[in-house]
Amino acid sequence: MDLDRSKPVWPQVAAELRRRLDAGQYEKGSRFPAVNELAAEMEVAPSTVQKAVAALREEGRLYTVLGQGSFVKDDE
């Protein structure tokens, strides 16, 4: 993933995750990848991915189950 480091990174990460969700890369109802896994893949800090995931949660695209992780929200 090409990041423009002159701009805040977390919105760019959030945009990439939205693109992946829209493309169906993560199945509805499935467990979303862990923050540390995504951070390593995208070569960013885990806190950056946490902010991006929080934004997606606020948008209603993900939900979190305490102790289990984040999941892709089903449209139902």
# chains A, B, ... in the order shown; residues from 1 in each chain; ligands from 1

call {"tool": "select_by_dssp", "arguments": {"residues": "chain A", "states": "strand (DSSP E or B)", "output": "CSV table (one decimal) with all heavy atoms, in the first residue's frame"}}
result
chain,number,residue,atom,x,y,z
A,31,ARG,N,-15.0,-12.6,10.8
A,31,ARG,CA,-14.1,-11.9,11.7
A,31,ARG,C,-13.1,-11.1,10.8
A,31,ARG,O,-12.6,-11.5,9.9
A,31,ARG,CB,-13.2,-12.9,12.5
A,31,ARG,CG,-12.4,-12.2,13.6
A,31,ARG,CD,-11.9,-13.3,14.6
A,31,ARG,NE,-11.3,-12.7,15.7
A,31,ARG,CZ,-10.0,-12.2,15.7
A,31,ARG,NH1,-9.3,-12.4,14.7
A,31,ARG,NH2,-9.6,-11.6,16.8
A,62,LEU,N,-18.3,-2.2,10.8
A,62,LEU,CA,-17.7,-3.2,11.6
A,62,LEU,C,-18.4,-3.1,13.0
A,62,LEU,O,-18.9,-2.1,13.4
A,62,LEU,CB,-16.2,-3.0,11.8
A,62,LEU,CG,-15.3,-3.0,10.6
A,62,LEU,CD1,-13.9,-2.7,11.0
A,62,LEU,CD2,-15.4,-4.4,9.9
A,63,TYR,N,-18.3,-4.2,13.7
A,63,TYR,CA,-18.7,-4.2,15.1
A,63,TYR,C,-17.7,-5.1,15.9
A,63,TYR,O,-17.0,-5.9,15.3
A,63,TYR,CB,-20.2,-4.7,15.3
A,63,TYR,CG,-20.4,-6.2,15.0
A,63,TYR,CD1,-20.3,-7.1,16.0
A,63,TYR,CD2,-20.6,-6.6,13.7
A,63,TYR,CE1,-20.5,-8.5,15.7
A,63,TYR,CE2,-20.8,-7.9,13.4
A,63,TYR,CZ,-20.8,-8.9,14.4
A,63,TYR,OH,-21.0,-10.2,14.1
A,64,THR,N,-17.6,-4.8,17.2
A,64,THR,CA,-16.6,-5.5,18.0
A,64,THR,C,-17.3,-6.3,19.1
A,64,THR,O,-18.3,-5.8,19.7
A,64,THR,CB,-15.6,-4.5,18.6
A,64,THR,OG1,-15.0,-3.8,17.5
A,64,THR,CG2,-14.6,-5.1,19.5
A,65,VAL,N,-16.8,-7.5,19.3
A,65,VAL,CA,-17.3,-8.3,20.4
A,65,VAL,C,-16.1,-8.4,21.4
A,65,VAL,O,-15.0,-8.8,21.0
A,65,VAL,CB,-17.7,-9.7,20.0
A,65,VAL,CG1,-18.1,-10.6,21.2
A,65,VAL,CG2,-18.8,-9.6,18.9
A,69,GLY,N,-12.8,-9.8,19.1
A,69,GLY,CA,-12.3,-9.1,17.9
A,69,GLY,C,-13.4,-8.3,17.2
A,69,GLY,O,-14.6,-8.2,17.7
A,70,SER,N,-13.1,-7.8,16.0
A,70,SER,CA,-14.0,-7.1,15.2
A,70,SER,C,-14.5,-8.0,14.1
A,70,SER,O,-13.9,-8.9,13.6
A,70,SER,CB,-13.3,-5.9,14.6
A,70,SER,OG,-12.9,-4.9,15.6
A,71,PHE,N,-15.7,-7.7,13.7
A,71,PHE,CA,-16.4,-8.5,12.7
A,71,PHE,C,-17.0,-7.5,11.6
A,71,PHE,O,-17.4,-6.4,11.9
A,71,PHE,CB,-17.5,-9.3,13.3
A,71,PHE,CG,-17.0,-10.4,14.2
A,71,PHE,CD1,-16.7,-10.0,15.5
A,71,PHE,CD2,-16.8,-11.7,13.8
A,71,PHE,CE1,-16.2,-11.0,16.4
A,71,PHE,CE2,-16.3,-12.6,14.7
A,71,PHE,CZ,-16.0,-12.3,16.0
A,72,VAL,N,-17.2,-8.1,10.4
A,72,VAL,CA,-17.8,-7.3,9.3
A,72,VAL,C,-19.3,-7.4,9.6
A,72,VAL,O,-19.9,-8.4,9.7
A,72,VAL,CB,-17.5,-7.9,7.9
A,72,VAL,CG1,-18.1,-7.1,6.8
A,72,VAL,CG2,-15.9,-8.0,7.8

call {"tool": "residues_around", "arguments": {"residues": "Ala54 (chain A)", "least_positions_apart": "4", "cutoff": "12 Å", "atoms": "only C-alpha atoms", "output": "ChimeraX atom specification"}}
result
/A:10-11,13-14,17,35,47-50,58-64,70

call {"tool": "atom_distance", "arguments": {"atom1": "CA of Ala23 (chain A)", "atom2": "CA of Gly67 (chain A)"}}
result
27.4 Å

call {"tool": "select_by_dssp", "arguments": {"residues": "region 33-66 of chain A", "states": "helix (DSSP H, G or I)", "output": "list in words"}}
result
Val35, Asn36, Glu37, Leu38, Ala39, Ala40, Glu41, Met42, Pro46, Ser47, Thr48, Val49, Gln50, Lys51, Ala52, Val53, Ala54, Ala55, Leu56, Arg57 and Glu58 of chain A

call {"tool": "write_last_selection", "arguments": {"atoms": "N, CA and C atoms", "output": "short mmCIF file (atom, residue, chain, number, x, y, z; two decimals), in the first residue's frame"}}
result
data_model
loop_
_atom_site.label_atom_id
_atom_site.label_comp_id
_atom_site.auth_asym_id
_atom_site.auth_seq_id
_atom_site.Cartn_x
_atom_site.Cartn_y
_atom_site.Cartn_z
N VAL A 35 -5.78 -6.14 14.40
CA VAL A 35 -5.08 -4.86 14.24
C VAL A 35 -3.60 -5.09 13.97
N ASN A 36 -2.96 -5.95 14.75
CA ASN A 36 -1.52 -6.18 14.58
C ASN A 36 -1.21 -6.80 13.22
N GLU A 37 -2.08 -7.67 12.75
CA GLU A 37 -1.90 -8.29 11.44
C GLU A 37 -1.98 -7.25 10.32
N LEU A 38 -2.99 -6.39 10.40
CA LEU A 38 -3.14 -5.34 9.39
C LEU A 38 -1.99 -4.33 9.47
N ALA A 39 -1.57 -4.00 10.69
CA ALA A 39 -0.47 -3.04 10.87
C ALA A 39 0.81 -3.57 10.23
N ALA A 40 1.09 -4.85 10.43
CA ALA A 40 2.29 -5.45 9.84
C ALA A 40 2.19 -5.46 8.31
N GLU A 41 1.01 -5.83 7.82
CA GLU A 41 0.81 -5.89 6.37
C GLU A 41 0.97 -4.51 5.72
N MET A 42 0.43 -3.49 6.36
CA MET A 42 0.44 -2.14 5.79
C MET A 42 1.65 -1.31 6.20
N PRO A 46 0.26 -0.08 14.98
CA PRO A 46 -1.05 -0.63 15.36
C PRO A 46 -2.05 0.46 15.76
N SER A 47 -1.58 1.53 16.39
CA SER A 47 -2.49 2.61 16.79
C SER A 47 -3.13 3.28 15.57
N THR A 48 -2.42 3.30 14.46
CA THR A 48 -2.95 3.86 13.21
C THR A 48 -4.11 3.00 12.71
N VAL A 49 -3.93 1.69 12.75
CA VAL A 49 -4.99 0.78 12.31
C VAL A 49 -6.16 0.85 13.29
N GLN A 50 -5.88 0.98 14.59
CA GLN A 50 -6.95 1.09 15.58
C GLN A 50 -7.85 2.28 15.27
N LYS A 51 -7.25 3.42 14.91
CA LYS A 51 -8.05 4.60 14.57
C LYS A 51 -8.90 4.34 13.34
N ALA A 52 -8.32 3.68 12.34
CA ALA A 52 -9.06 3.37 11.11
C ALA A 52 -10.22 2.43 11.40
N VAL A 53 -9.97 1.40 12.21
CA VAL A 53 -11.02 0.45 12.57
C VAL A 53 -12.11 1.14 13.37
N ALA A 54 -11.73 2.05 14.27
CA ALA A 54 -12.72 2.80 15.05
C ALA A 54 -13.61 3.63 14.12
N ALA A 55 -13.02 4.22 13.09
CA ALA A 55 -13.81 5.00 12.13
C ALA A 55 -14.80 4.10 11.40
N LEU A 56 -14.37 2.91 11.01
CA LEU A 56 -15.27 1.97 10.32
C LEU A 56 -16.38 1.48 11.25
N ARG A 57 -16.05 1.34 12.53
CA ARG A 57 -17.06 0.96 13.51
C ARG A 57 -18.09 2.08 13.64
N GLU A 58 -17.64 3.33 13.71
CA GLU A 58 -18.55 4.47 13.82
C GLU A 58 -19.46 4.58 12.60
#

call {"tool": "atom_distance", "arguments": {"atom1": "CA of Asp74 (chain A)", "atom2": "CA of Ala34 (chain A)"}}
result
18.5 Å

call {"tool": "atom_distance", "arguments": {"atom1": "CA of Glu43 (chain A)", "atom2": "CA of Met1 (chain A)"}}
result
8.5 Å
